[in-house]
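**Student:** To be precise about what I am sending: the file is called query-v7.cif and holds mmCIF, C-alpha atoms.
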```
data_input
loop_
_atom_site.group_PDB
_atom_site.id
_atom_site.type_symbol
_atom_site.label_atom_id
_atom_site.label_comp_id
_atom_site.auth_asym_id
_atom_site.auth_seq_id
_atom_site.Cartn_x
_atom_site.Cartn_y
_atom_site.Cartn_z
ATOM 1 C CA MET A 724 0.000 0.000 0.000
ATOM 2 C CA ASN A 725 2.857 2.367 0.728
ATOM 3 C CA ASN A 726 3.111 4.933 -2.042
ATOM 4 C CA ALA A 727 6.799 4.129 -2.377
ATOM 5 C CA ASN A 728 5.708 0.768 -3.810
ATOM 6 C CA GLY A 729 4.079 2.215 -6.873
ATOM 7 C CA ARG A 730 0.709 3.570 -5.777
ATOM 8 C CA GLY A 731 -0.117 7.096 -6.896
ATOM 9 C CA ARG A 732 0.259 9.629 -4.107
ATOM 10 C CA LEU A 733 -3.119 11.363 -4.456
ATOM 11 C CA ILE A 734 -5.962 9.919 -2.356
ATOM 12 C CA TYR A 735 -9.675 10.547 -2.771
ATOM 13 C CA GLY A 736 -11.569 11.324 0.450
ATOM 14 C CA CYS A 737 -15.169 10.126 0.220
ATOM 15 C CA MET A 738 -16.683 12.198 3.048
ATOM 16 C CA GLY A 739 -18.654 14.341 0.572
ATOM 17 C CA LEU A 740 -20.524 11.402 -0.962
ATOM 18 C CA GLY A 741 -23.910 10.092 0.122
ATOM 19 C CA GLY A 742 -26.058 13.196 0.578
ATOM 20 C CA PRO A 743 -26.847 14.995 3.860
ATOM 21 C CA TRP A 744 -25.349 14.039 7.214
ATOM 22 C CA ASP A 745 -28.784 13.393 8.700
ATOM 23 C CA GLY A 746 -30.612 10.098 8.705
ATOM 24 C CA THR A 747 -32.368 10.582 5.368
ATOM 25 C CA SER A 748 -31.854 7.777 2.881
ATOM 26 C CA TYR A 749 -29.818 8.062 -0.288
ATOM 27 C CA GLY A 750 -31.139 7.501 -3.783
ATOM 28 C CA ALA A 751 -30.164 7.180 -7.431
ATOM 29 C CA ALA A 752 -28.777 10.719 -7.579
ATOM 30 C CA GLU A 753 -26.313 10.077 -4.753
ATOM 31 C CA ILE A 754 -25.209 6.779 -6.281
ATOM 32 C CA GLU A 755 -24.676 8.428 -9.668
ATOM 33 C CA GLN A 756 -22.684 11.236 -8.071
ATOM 34 C CA ALA A 757 -20.420 8.633 -6.454
ATOM 35 C CA ALA A 758 -19.937 6.860 -9.788
ATOM 36 C CA VAL A 759 -18.984 10.102 -11.539
ATOM 37 C CA VAL A 760 -16.572 11.110 -8.787
ATOM 38 C CA ILE A 761 -14.901 7.684 -8.716
ATOM 39 C CA GLU A 762 -14.270 7.872 -12.465
ATOM 40 C CA ALA A 763 -12.956 11.425 -12.155
ATOM 41 C CA ALA A 764 -10.558 10.311 -9.426
ATOM 42 C CA LYS A 765 -9.374 7.311 -11.408
ATOM 43 C CA SER A 766 -8.754 9.548 -14.431
ATOM 44 C CA VAL A 767 -6.050 11.457 -12.515
ATOM 45 C CA GLY A 768 -4.403 8.261 -11.295
ATOM 46 C CA ILE A 769 -6.054 7.924 -7.886
ATOM 47 C CA GLU A 770 -6.214 4.348 -6.612
ATOM 48 C CA LEU A 771 -6.858 4.767 -2.869
ATOM 49 C CA PHE A 772 -10.328 5.820 -1.709
ATOM 50 C CA ASP A 773 -10.635 6.952 1.905
ATOM 51 C CA HIS A 774 -13.765 6.371 3.996
ATOM 52 C CA ALA A 775 -14.905 6.407 7.622
ATOM 53 C CA ASP A 776 -17.815 4.634 9.247
ATOM 54 C CA ILE A 777 -19.341 7.956 10.349
ATOM 55 C CA TYR A 778 -19.199 9.829 7.026
ATOM 56 C CA ARG A 779 -22.717 10.987 6.133
ATOM 57 C CA SER A 780 -24.046 8.600 8.794
ATOM 58 C CA GLY A 781 -22.672 5.626 6.863
ATOM 59 C CA LYS A 782 -24.104 6.725 3.525
ATOM 60 C CA SER A 783 -20.697 7.584 2.028
ATOM 61 C CA GLU A 784 -19.693 3.944 2.312
ATOM 62 C CA ALA A 785 -23.127 2.748 1.224
ATOM 63 C CA VAL A 786 -23.266 4.671 -2.061
ATOM 64 C CA PHE A 787 -19.695 3.668 -2.812
ATOM 65 C CA GLY A 788 -20.706 0.060 -2.211
ATOM 66 C CA GLU A 789 -23.600 0.447 -4.636
ATOM 67 C CA VAL A 790 -21.152 1.569 -7.331
ATOM 68 C CA LEU A 791 -18.828 -1.340 -6.572
ATOM 69 C CA ALA A 792 -21.713 -3.785 -6.827
ATOM 70 C CA ARG A 793 -22.729 -2.581 -10.283
ATOM 71 C CA SER A 794 -19.210 -2.108 -11.678
ATOM 72 C CA GLN A 795 -17.685 -5.478 -12.468
ATOM 73 C CA GLY A 796 -13.960 -5.622 -11.776
ATOM 74 C CA LEU A 797 -13.764 -2.203 -10.106
ATOM 75 C CA ARG A 798 -12.950 -3.544 -6.657
ATOM 76 C CA GLU A 799 -9.822 -5.247 -7.960
ATOM 77 C CA LYS A 800 -8.593 -1.998 -9.547
ATOM 78 C CA ILE A 801 -8.766 0.202 -6.440
ATOM 79 C CA LEU A 802 -7.732 0.269 -2.792
ATOM 80 C CA LEU A 803 -10.221 0.933 0.003
ATOM 81 C CA GLN A 804 -9.404 2.553 3.319
ATOM 82 C CA SER A 805 -11.847 3.176 6.143
ATOM 83 C CA LYS A 806 -11.731 4.420 9.720
ATOM 84 C CA CYS A 807 -13.408 3.576 12.994
ATOM 85 C CA GLY A 808 -13.257 4.961 16.516
ATOM 86 C CA ILE A 809 -15.585 7.986 16.540
ATOM 87 C CA ARG A 810 -19.142 7.505 17.804
ATOM 88 C CA LEU A 811 -21.751 10.168 17.118
ATOM 89 C CA GLY A 812 -25.070 10.616 18.889
ATOM 90 C CA GLU A 813 -24.863 7.468 21.001
ATOM 91 C CA ARG A 814 -25.342 6.721 24.702
ATOM 92 C CA GLY A 815 -26.568 10.228 25.433
ATOM 93 C CA LEU A 816 -23.397 11.846 24.071
ATOM 94 C CA ASP A 817 -22.971 13.991 20.981
ATOM 95 C CA THR A 818 -19.495 12.548 20.442
ATOM 96 C CA HIS A 819 -17.247 10.023 22.114
ATOM 97 C CA TYR A 820 -14.425 7.716 21.050
ATOM 98 C CA ASP A 821 -14.361 3.931 21.258
ATOM 99 C CA LEU A 822 -11.369 1.793 20.254
ATOM 100 C CA SER A 823 -12.376 -1.175 22.379
ATOM 101 C CA ARG A 824 -12.017 -4.624 20.846
ATOM 102 C CA GLU A 825 -15.768 -5.072 20.471
ATOM 103 C CA ALA A 826 -16.261 -1.662 18.863
ATOM 104 C CA ILE A 827 -13.497 -2.156 16.298
ATOM 105 C CA LEU A 828 -14.865 -5.545 15.244
ATOM 106 C CA GLU A 829 -18.433 -4.250 15.104
ATOM 107 C CA ARG A 830 -17.639 -1.149 13.088
ATOM 108 C CA VAL A 831 -15.377 -2.861 10.573
ATOM 109 C CA ASN A 832 -17.990 -5.518 9.872
ATOM 110 C CA GLU A 833 -20.615 -2.807 9.370
ATOM 111 C CA SER A 834 -18.320 -0.932 6.983
ATOM 112 C CA LEU A 835 -17.679 -4.078 4.958
ATOM 113 C CA LYS A 836 -21.413 -4.647 4.640
ATOM 114 C CA ARG A 837 -22.052 -1.087 3.457
ATOM 115 C CA LEU A 838 -19.122 -1.166 1.039
ATOM 116 C CA GLN A 839 -20.275 -4.550 -0.289
ATOM 117 C CA THR A 840 -16.776 -5.992 -0.158
ATOM 118 C CA ASP A 841 -15.036 -8.774 1.729
ATOM 119 C CA TYR A 842 -12.054 -6.710 2.857
ATOM 120 C CA ILE A 843 -10.627 -3.246 3.249
ATOM 121 C CA ASP A 844 -7.027 -2.652 2.298
ATOM 122 C CA VAL A 845 -6.295 -0.278 5.173
ATOM 123 C CA LEU A 846 -8.052 0.263 8.500
ATOM 124 C CA LEU A 847 -7.331 3.577 10.209
ATOM 125 C CA LEU A 848 -8.035 4.263 13.882
ATOM 126 C CA HIS A 849 -9.834 7.589 13.526
ATOM 127 C CA ARG A 850 -8.849 9.439 16.718
ATOM 128 C CA PRO A 851 -6.963 8.627 19.916
ATOM 129 C CA ASP A 852 -9.236 7.108 22.572
ATOM 130 C CA PRO A 853 -7.992 7.895 26.104
ATOM 131 C CA LEU A 854 -9.627 4.656 27.286
ATOM 132 C CA MET A 855 -7.890 2.589 24.595
ATOM 133 C CA ASP A 856 -6.040 -0.529 25.729
ATOM 134 C CA PRO A 857 -3.486 -1.199 22.956
ATOM 135 C CA ARG A 858 -3.648 -4.918 23.707
ATOM 136 C CA GLU A 859 -7.356 -4.872 22.835
ATOM 137 C CA VAL A 860 -6.605 -3.057 19.596
ATOM 138 C CA ALA A 861 -3.927 -5.610 18.747
ATOM 139 C CA ASP A 862 -6.345 -8.462 19.462
ATOM 140 C CA ALA A 863 -9.126 -6.965 17.325
ATOM 141 C CA VAL A 864 -6.837 -6.114 14.421
ATOM 142 C CA GLY A 865 -5.175 -9.530 14.620
ATOM 143 C CA GLN A 866 -8.570 -11.203 14.335
ATOM 144 C CA LEU A 867 -9.616 -9.031 11.391
ATOM 145 C CA VAL A 868 -6.369 -9.742 9.571
ATOM 146 C CA ALA A 869 -6.668 -13.467 10.238
ATOM 147 C CA GLU A 870 -10.207 -13.406 8.846
ATOM 148 C CA GLY A 871 -9.001 -11.608 5.712
ATOM 149 C CA LYS A 872 -11.123 -8.539 6.429
ATOM 150 C CA VAL A 873 -8.266 -6.054 6.922
ATOM 151 C CA ARG A 874 -4.885 -6.085 5.199
ATOM 152 C CA GLN A 875 -2.995 -3.148 6.738
ATOM 153 C CA LEU A 876 -3.347 -0.793 9.698
ATOM 154 C CA GLY A 877 -2.913 2.946 10.093
ATOM 155 C CA VAL A 878 -3.985 5.752 12.390
ATOM 156 C CA SER A 879 -5.413 9.237 12.101
ATOM 157 C CA ASN A 880 -4.804 12.353 14.199
ATOM 158 C CA MET A 881 -2.138 10.678 16.331
ATOM 159 C CA SER A 882 1.177 12.029 17.614
ATOM 160 C CA GLY A 883 4.478 10.251 17.249
ATOM 161 C CA ALA A 884 4.396 9.220 20.907
ATOM 162 C CA GLN A 885 0.900 7.742 20.544
ATOM 163 C CA ILE A 886 1.981 5.819 17.454
ATOM 164 C CA GLU A 887 4.971 4.340 19.260
ATOM 165 C CA PHE A 888 2.831 3.447 22.292
ATOM 166 C CA LEU A 889 0.386 1.559 20.071
ATOM 167 C CA GLN A 890 3.023 -0.006 17.840
ATOM 168 C CA ASP A 891 4.677 -1.706 20.815
ATOM 169 C CA CYS A 892 1.648 -3.999 21.159
ATOM 170 C CA LEU A 893 1.094 -4.692 17.464
ATOM 171 C CA GLU A 894 2.532 -7.496 15.375
ATOM 172 C CA MET A 895 1.940 -5.579 12.133
ATOM 173 C CA PRO A 896 3.410 -2.160 11.305
ATOM 174 C CA ILE A 897 1.410 1.060 11.365
ATOM 175 C CA ILE A 898 1.708 2.193 7.745
ATOM 176 C CA ALA A 899 -0.138 5.550 7.657
ATOM 177 C CA ASN A 900 -1.020 8.564 9.789
ATOM 178 C CA GLN A 901 -3.720 10.902 8.489
ATOM 179 C CA LEU A 902 -3.431 14.515 9.672
ATOM 180 C CA GLU A 903 -4.825 17.864 8.601
ATOM 181 C CA MET A 904 -2.006 19.396 6.564
ATOM 182 C CA SER A 905 -2.092 22.154 3.971
ATOM 183 C CA LEU A 906 -0.628 25.514 3.039
ATOM 184 C CA LEU A 907 -3.382 26.988 5.243
ATOM 185 C CA ARG A 908 -3.075 24.510 8.152
ATOM 186 C CA ARG A 909 0.670 24.685 8.713
ATOM 187 C CA ASP A 910 1.211 23.912 12.408
ATOM 188 C CA TRP A 911 2.936 20.641 11.428
ATOM 189 C CA LEU A 912 5.478 22.785 9.557
ATOM 190 C CA GLU A 913 5.674 25.902 11.701
ATOM 191 C CA SER A 914 6.483 23.901 14.825
ATOM 192 C CA THR A 915 9.627 22.518 13.198
ATOM 193 C CA VAL A 916 11.247 25.950 12.747
ATOM 194 C CA LEU A 917 9.868 27.681 15.831
ATOM 195 C CA VAL A 918 11.680 25.497 18.357
ATOM 196 C CA ASN A 919 13.329 27.842 20.887
ATOM 197 C CA HIS A 920 11.394 30.789 19.459
ATOM 198 C CA ALA A 921 8.710 32.854 21.195
ATOM 199 C CA ASP A 922 6.322 32.468 18.250
ATOM 200 C CA GLY A 923 6.417 28.719 18.764
ATOM 201 C CA LEU A 924 4.148 29.084 21.787
ATOM 202 C CA GLY A 925 1.248 29.560 19.391
ATOM 203 C CA PHE A 926 1.663 26.114 17.827
ATOM 204 C CA THR A 927 0.797 22.950 19.717
ATOM 205 C CA PHE A 928 1.599 20.357 17.048
ATOM 206 C CA PRO A 929 3.534 17.548 18.789
ATOM 207 C CA HIS A 930 7.227 17.754 17.973
ATOM 208 C CA GLY A 931 8.715 14.692 16.367
ATOM 209 C CA THR A 932 5.548 13.356 14.765
ATOM 210 C CA VAL A 933 6.512 14.153 11.186
ATOM 211 C CA GLU A 934 10.081 13.031 11.829
ATOM 212 C CA LEU A 935 8.949 9.699 13.333
ATOM 213 C CA CYS A 936 6.703 9.009 10.368
ATOM 214 C CA MET A 937 9.564 9.762 7.980
ATOM 215 C CA ALA A 938 12.003 7.577 9.909
ATOM 216 C CA LYS A 939 9.586 4.630 10.170
ATOM 217 C CA GLY A 940 8.242 4.832 6.615
ATOM 218 C CA ILE A 941 4.756 5.770 7.835
ATOM 219 C CA GLU A 942 2.812 7.512 5.069
ATOM 220 C CA LEU A 943 1.532 10.962 6.000
ATOM 221 C CA GLN A 944 -1.923 11.431 4.489
ATOM 222 C CA ALA A 945 -3.001 15.074 4.405
ATOM 223 C CA TYR A 946 -6.708 15.720 4.772
ATOM 224 C CA GLY A 947 -7.899 19.272 4.131
ATOM 225 C CA SER A 948 -5.031 19.497 1.635
ATOM 226 C CA MET A 949 -6.874 21.872 -0.695
ATOM 227 C CA ALA A 950 -7.550 24.301 2.176
ATOM 228 C CA GLN A 951 -11.294 24.254 1.477
ATOM 229 C CA GLY A 952 -10.697 26.278 -1.681
ATOM 230 C CA ARG A 953 -9.373 29.328 0.175
ATOM 231 C CA TYR A 954 -6.593 29.802 -2.357
ATOM 232 C CA THR A 955 -8.236 28.362 -5.461
ATOM 233 C CA GLY A 956 -11.720 29.764 -5.793
ATOM 234 C CA ALA A 957 -12.879 31.640 -2.699
ATOM 235 C CA PRO A 958 -14.183 35.182 -3.417
ATOM 236 C CA THR A 959 -11.402 37.738 -3.056
ATOM 237 C CA GLU A 960 -13.347 39.800 -0.539
ATOM 238 C CA GLU A 961 -13.426 36.819 1.835
ATOM 239 C CA LEU A 962 -9.657 36.425 1.928
ATOM 240 C CA SER A 963 -7.164 37.820 4.413
ATOM 241 C CA PRO A 964 -4.205 39.761 2.976
ATOM 242 C CA ALA A 965 -1.977 36.684 3.365
ATOM 243 C CA GLU A 966 -4.542 34.422 1.710
ATOM 244 C CA SER A 967 -4.995 36.868 -1.147
ATOM 245 C CA ALA A 968 -1.230 37.105 -1.710
ATOM 246 C CA THR A 969 -0.936 33.322 -1.652
ATOM 247 C CA ALA A 970 -3.775 32.892 -4.140
ATOM 248 C CA GLU A 971 -2.078 35.359 -6.487
ATOM 249 C CA MET A 972 1.244 33.525 -6.204
ATOM 250 C CA LEU A 973 -0.419 30.195 -6.933
ATOM 251 C CA GLN A 974 -2.010 31.704 -10.040
ATOM 252 C CA GLN A 975 1.332 33.113 -11.152
ATOM 253 C CA LEU A 976 3.200 29.846 -10.654
ATOM 254 C CA ALA A 977 0.432 27.909 -12.390
ATOM 255 C CA GLY A 978 0.735 30.198 -15.401
ATOM 256 C CA GLU A 979 4.503 29.827 -15.503
ATOM 257 C CA LYS A 980 4.284 26.035 -15.257
ATOM 258 C CA GLY A 981 1.342 25.613 -17.621
ATOM 259 C CA THR A 982 -0.857 23.969 -15.014
ATOM 260 C CA THR A 983 -3.545 24.815 -12.451
ATOM 261 C CA PRO A 984 -3.377 26.520 -9.044
ATOM 262 C CA GLU A 985 -4.755 23.308 -7.507
ATOM 263 C CA SER A 986 -1.806 21.295 -8.807
ATOM 264 C CA VAL A 987 0.646 23.881 -7.499
ATOM 265 C CA LEU A 988 -1.089 23.923 -4.104
ATOM 266 C CA LEU A 989 -0.864 20.153 -3.751
ATOM 267 C CA GLY A 990 2.590 20.102 -5.301
ATOM 268 C CA TRP A 991 3.777 22.332 -2.463
ATOM 269 C CA LEU A 992 2.725 19.678 0.058
ATOM 270 C CA MET A 993 4.196 16.858 -1.996
ATOM 271 C CA ARG A 994 7.535 18.661 -2.361
ATOM 272 C CA HIS A 995 8.207 18.065 1.362
ATOM 273 C CA PRO A 996 10.614 15.130 1.899
ATOM 274 C CA ALA A 997 8.043 13.350 4.084
ATOM 275 C CA ARG A 998 6.383 12.336 0.797
ATOM 276 C CA ILE A 999 2.997 13.624 1.942
ATOM 277 C CA SER A 1000 -0.032 12.136 0.182
ATOM 278 C CA PRO A 1001 -2.826 14.722 -0.255
ATOM 279 C CA VAL A 1002 -6.420 13.633 0.320
ATOM 280 C CA LEU A 1003 -8.842 15.337 -2.080
ATOM 281 C CA GLY A 1004 -12.304 15.937 -0.641
ATOM 282 C CA THR A 1005 -14.012 17.823 -3.463
ATOM 283 C CA THR A 1006 -16.963 16.227 -5.272
ATOM 284 C CA ASN A 1007 -16.474 18.533 -8.275
ATOM 285 C CA PRO A 1008 -15.019 16.477 -11.168
ATOM 286 C CA GLY A 1009 -13.466 19.620 -12.640
ATOM 287 C CA ARG A 1010 -11.543 20.363 -9.447
ATOM 288 C CA ILE A 1011 -10.407 16.744 -9.258
ATOM 289 C CA ALA A 1012 -9.097 17.001 -12.823
ATOM 290 C CA ALA A 1013 -7.298 20.232 -11.890
ATOM 291 C CA CYS A 1014 -5.116 18.232 -9.475
ATOM 292 C CA ALA A 1015 -3.706 15.930 -12.146
ATOM 293 C CA ASP A 1016 -0.292 17.633 -12.392
ATOM 294 C CA ALA A 1017 0.432 17.769 -8.648
ATOM 295 C CA ALA A 1018 3.171 15.128 -8.645
ATOM 296 C CA SER A 1019 5.008 16.622 -11.625
ATOM 297 C CA VAL A 1020 4.744 20.114 -10.113
ATOM 298 C CA ALA A 1021 6.216 18.786 -6.853
ATOM 299 C CA ALA A 1022 9.124 17.197 -8.700
ATOM 300 C CA ALA A 1023 9.933 20.461 -10.495
ATOM 301 C CA MET A 1024 9.254 22.936 -7.685
ATOM 302 C CA THR A 1025 12.343 24.870 -6.635
ATOM 303 C CA ARG A 1026 13.342 25.538 -3.070
ATOM 304 C CA ALA A 1027 12.751 29.279 -3.662
ATOM 305 C CA GLU A 1028 9.215 28.640 -4.966
ATOM 306 C CA TRP A 1029 8.418 26.365 -2.022
ATOM 307 C CA TYR A 1030 9.669 28.872 0.533
ATOM 308 C CA GLY A 1031 7.991 31.727 -1.324
ATOM 309 C CA LEU A 1032 4.577 30.085 -0.983
ATOM 310 C CA TRP A 1033 5.182 29.329 2.688
ATOM 311 C CA VAL A 1034 6.176 32.916 3.478
ATOM 312 C CA ALA A 1035 3.167 34.257 1.553
ATOM 313 C CA ALA A 1036 0.785 31.964 3.413
ATOM 314 C CA ARG A 1037 2.133 32.834 6.855
ATOM 315 C CA GLY A 1038 2.052 36.576 6.040
ATOM 316 C CA SER A 1039 5.525 37.198 7.468
ATOM 317 C CA ASN A 1040 9.070 36.030 7.064
ATOM 318 C CA ILE A 1041 10.314 32.935 8.824
ATOM 319 C CA PRO A 1042 12.693 33.516 11.766
#
```
Can the structure from this file be put into structure tokens for me?
**Tutor:**
Amino acid sequence: MNNANGRGRLIYGCMGLGGPWDGTSYGAAEIEQAAVVIEAAKSVGIELFDHADIYRSGKSEAVFGEVLARSQGLREKILLQSKCGIRLGERGLDTHYDLSREAILERVNESLKRLQTDYIDVLLLHRPDPLMDPREVADAVGQLVAEGKVRQLGVSNMSGAQIEFLQDCLEMPIIANQLEMSLLRRDWLESTVLVNHADGLGFTFPHGTVELCMAKGIELQAYGSMAQGRYTGAPTEELSPAESATAEMLQQLAGEKGTTPESVLLGWLMRHPARISPVLGTTNPGRIAACADAASVAAAMTRAEWYGLWVAARGSNIP
């Protein structure tokens, strides 16, 4: 699964599929939207599709499963990733986390049923659960692997220390960590240069997380990578001065490189030596297509261009 073994580095995030977040049922329109989006993602080389049991109250997985069921051979051409661990609207709580053995087994089996498949390629633990016993996680994951229902394991929103704590009890390696990372959400980057600097007090990203993932070969998957369109389509009057300057620079670089601002935006992330894999969340086929050149832009991006975008986005020089 690791992108170093030949998989394309772009990932499609399926949270936008399936209709509203409420309990209303999906229909033909939602299934057709999923089919169109899947084809658009495949057309730019995307192989890995990212889900979670809670997305659209399970409907994101369900409409994707409907497309798989009607598309002969599609399952064998793609990789599926899903998450468990967040519980919404249960037991009198708006939100709580549950990475107990029973919950992991229950939620994975429900995801498989909705996706209409026998296995998922990667299971991610969605958020750290303070009540998690890593031995229970290891037992649940071991059972799922033995049953052929899960092939690889990753995490989401975890620090380096939490990854190491969990890994000590696992027989299989943690192969991915999904974090919010973008030119807009830069705490993962700012914290690395603001060590021993007063400005660093404003960033709480856990030191060493990116470095651990790089050292251990753990893929960093960046959700929110397109910054919710702040730099590539938001009305100018809604932008801060730094955001406006960054949007202009992305346009300029896109023109110089004969590509799109979206590809430059993602290329900036992918230029980092951690080999970050951006997760695309848009359901607009045109915006998906606009990301097609991201890998080639990353390969050609100069150090000056990379730093120039970073400085523009932060609105001030680095220390």
**Student:** With 8 Å as the cut-off and only C-alpha atoms counted, what is the closest atom pair between each nearby residue of stretch 938-960 of chain A and stretch 976-997 of chain A? Distances in Å to one decimal, ordered by chain and number, as JSON lines.
**Tutor:**
```
{"residue": "A:Glu942", "atom": "CA", "partner": "A:Ala997", "partner_atom": "CA", "distance": 7.9}
{"residue": "A:Leu943", "atom": "CA", "partner": "A:Ala997", "partner_atom": "CA", "distance": 7.2}
{"residue": "A:Ser948", "atom": "CA", "partner": "A:Leu989", "partner_atom": "CA", "distance": 6.8}
{"residue": "A:Met949", "atom": "CA", "partner": "A:Leu989", "partner_atom": "CA", "distance": 7.0}
{"residue": "A:Thr955", "atom": "CA", "partner": "A:Pro984", "partner_atom": "CA", "distance": 6.3}
```
**Student:** Would you work out the distance separating atom CA of A:Arg732 from atom CA of A:Ile843, expressed in Å to one decimal?
**Tutor:** 18.4 Å
**Student:** Counting all atoms listed in the file, which of A:Val933, A:Leu876, A:Ala1036, A:Leu822 gets nearest to A:Pro964?
**Tutor:**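 Among the listed residues, the smallest separation from A:Pro964 belongs to A:Ala1036.
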**Student:** What are the centre and the three edge lengths of an axis-aligned box that wraps all atoms of stretch 791-805 of chain A in the file, given that 8 Å is added to every side, written as JSON and rounded to one decimal in Å?
**Tutor:**
```
{"center_x": -15.2, "center_y": -1.2, "center_z": -3.2, "size_x": 31.0, "size_y": 24.8, "size_z": 34.6}
```
**Student:** I need the output of the PyMOL selection byres ((chain A and resi 755-769) around 8) for this file as a list of chain:residue names; which residues are they?
**Tutor:**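 Selected by the PyMOL selection byres ((chain A and resi 755-769) around 8) here: A:Gly731, A:Arg732, A:Leu733, A:Ile734, A:Tyr735, A:Leu740, A:Gly741, A:Ala751, A:Ala752, A:Glu753, A:Ile754, A:Glu770, A:Leu771, A:Phe772, A:Val786, A:Phe787, A:Val790, A:Thr1006, A:Asn1007, A:Pro1008, A:Ile1011, A:Ala1012, A:Cys1014, A:Ala1015.
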**Student:** Please determine the residues with any atom at most 7 Å from (-3.7, 15.7, 11.9) (coordinates as given in the file, with only C-alpha atoms counting) and report them as a PDB file with C-alpha atoms, keeping the file's coordinate frame.
**Tutor:**
```pdb
ATOM      1  CA  SER A 879      -5.413   9.237  12.101  1.00  0.00           C
ATOM      2  CA  ASN A 880      -4.804  12.353  14.199  1.00  0.00           C
ATOM      3  CA  MET A 881      -2.138  10.678  16.331  1.00  0.00           C
ATOM      4  CA  GLN A 901      -3.720  10.902   8.489  1.00  0.00           C
ATOM      5  CA  LEU A 902      -3.431  14.515   9.672  1.00  0.00           C
ATOM      6  CA  GLU A 903      -4.825  17.864   8.601  1.00  0.00           C
ATOM      7  CA  MET A 904      -2.006  19.396   6.564  1.00  0.00           C
TER       8      MET A 904
END
```
**Student:** Quick one: apply the PyMOL selection byres ((chain A and resi 952) around 12) to the file and drop the selected residues here as JSON, numbers by chain.
**Tutor:** {"A": [905, 906, 907, 947, 948, 949, 950, 951, 953, 954, 955, 956, 957, 958, 959, 961, 962, 966, 970, 984, 985, 988, 989, 1003, 1004, 1005, 1007, 1010]}
**Student:** Please indicate the distance in Å from atom CA of A:Ser967 to atom CA of A:Ala1035, rounded to one decimal place.
**Tutor:**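 Atom CA of A:Ala1035 lies 9.0 Å from atom CA of A:Ser967.
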**Student:** Which one of A:His774, A:Arg779, A:Arg730, A:Arg837 sits closest to A:Pro743 if you count only C-alpha atoms?
**Tutor:** A:Arg779
**Student:** Once the PyMOL selection byres ((chain A and resi 809) around 7) is applied to the coordinates I shared, what remains selected? I want it as a PyMOL selection string.
**Tutor:** chain A and resi 807-808+810-811+819-821+849-850
**Student:** Taking all atoms listed in the file into account, which of A:Ile1041, A:Met738, A:Ala861, A:Leu1032 comes nearest A:Val916?
**Tutor:**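 Ranked by minimum distance to A:Val916, first place goes to A:Ile1041.
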**Student:** Between A:Val860, A:Ala1027, A:Leu935, A:Leu835, which one has atoms that come closest to A:Ala884, using all atoms listed in the file?
**Tutor:**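 Using all atoms listed in the file, the shortest distance to A:Ala884 belongs to A:Leu935.
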**Student:** Figure out the distance between atom CA of A:Ser914 and atom CA of A:Glu1028, please, to one decimal in Å.
**Tutor:**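 Separating atom CA of A:Glu1028 from atom CA of A:Ser914 is a distance of 20.5 Å.
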**Student:** Pick out the closest residue to A:Leu846 from this set: A:His920, A:Lys806, A:Arg824, A:Arg798. Count only C-alpha atoms.
**Tutor:**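 Among A:His920, A:Lys806, A:Arg824, A:Arg798, it is A:Lys806 that comes nearest to A:Leu846.
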**Student:** Calculated over all atoms listed in the file, which of the candidates A:Gln804, A:Thr969, A:Gln885, A:Asn832 has the smallest distance to A:Gln866?
**Tutor:**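 Closest to A:Gln866, using all atoms listed in the file: A:Asn832.
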**Student:** For a cut-off of 10 Å around (2.2, 41.4, 8.7), file coordinates, pick out all residues using only C-alpha atoms and list them as a list in words.
**Tutor:**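 Final list of nearby residues, as requested, is Pro964, Ala965, Arg1037, Gly1038, Ser1039 and Asn1040 of chain A.
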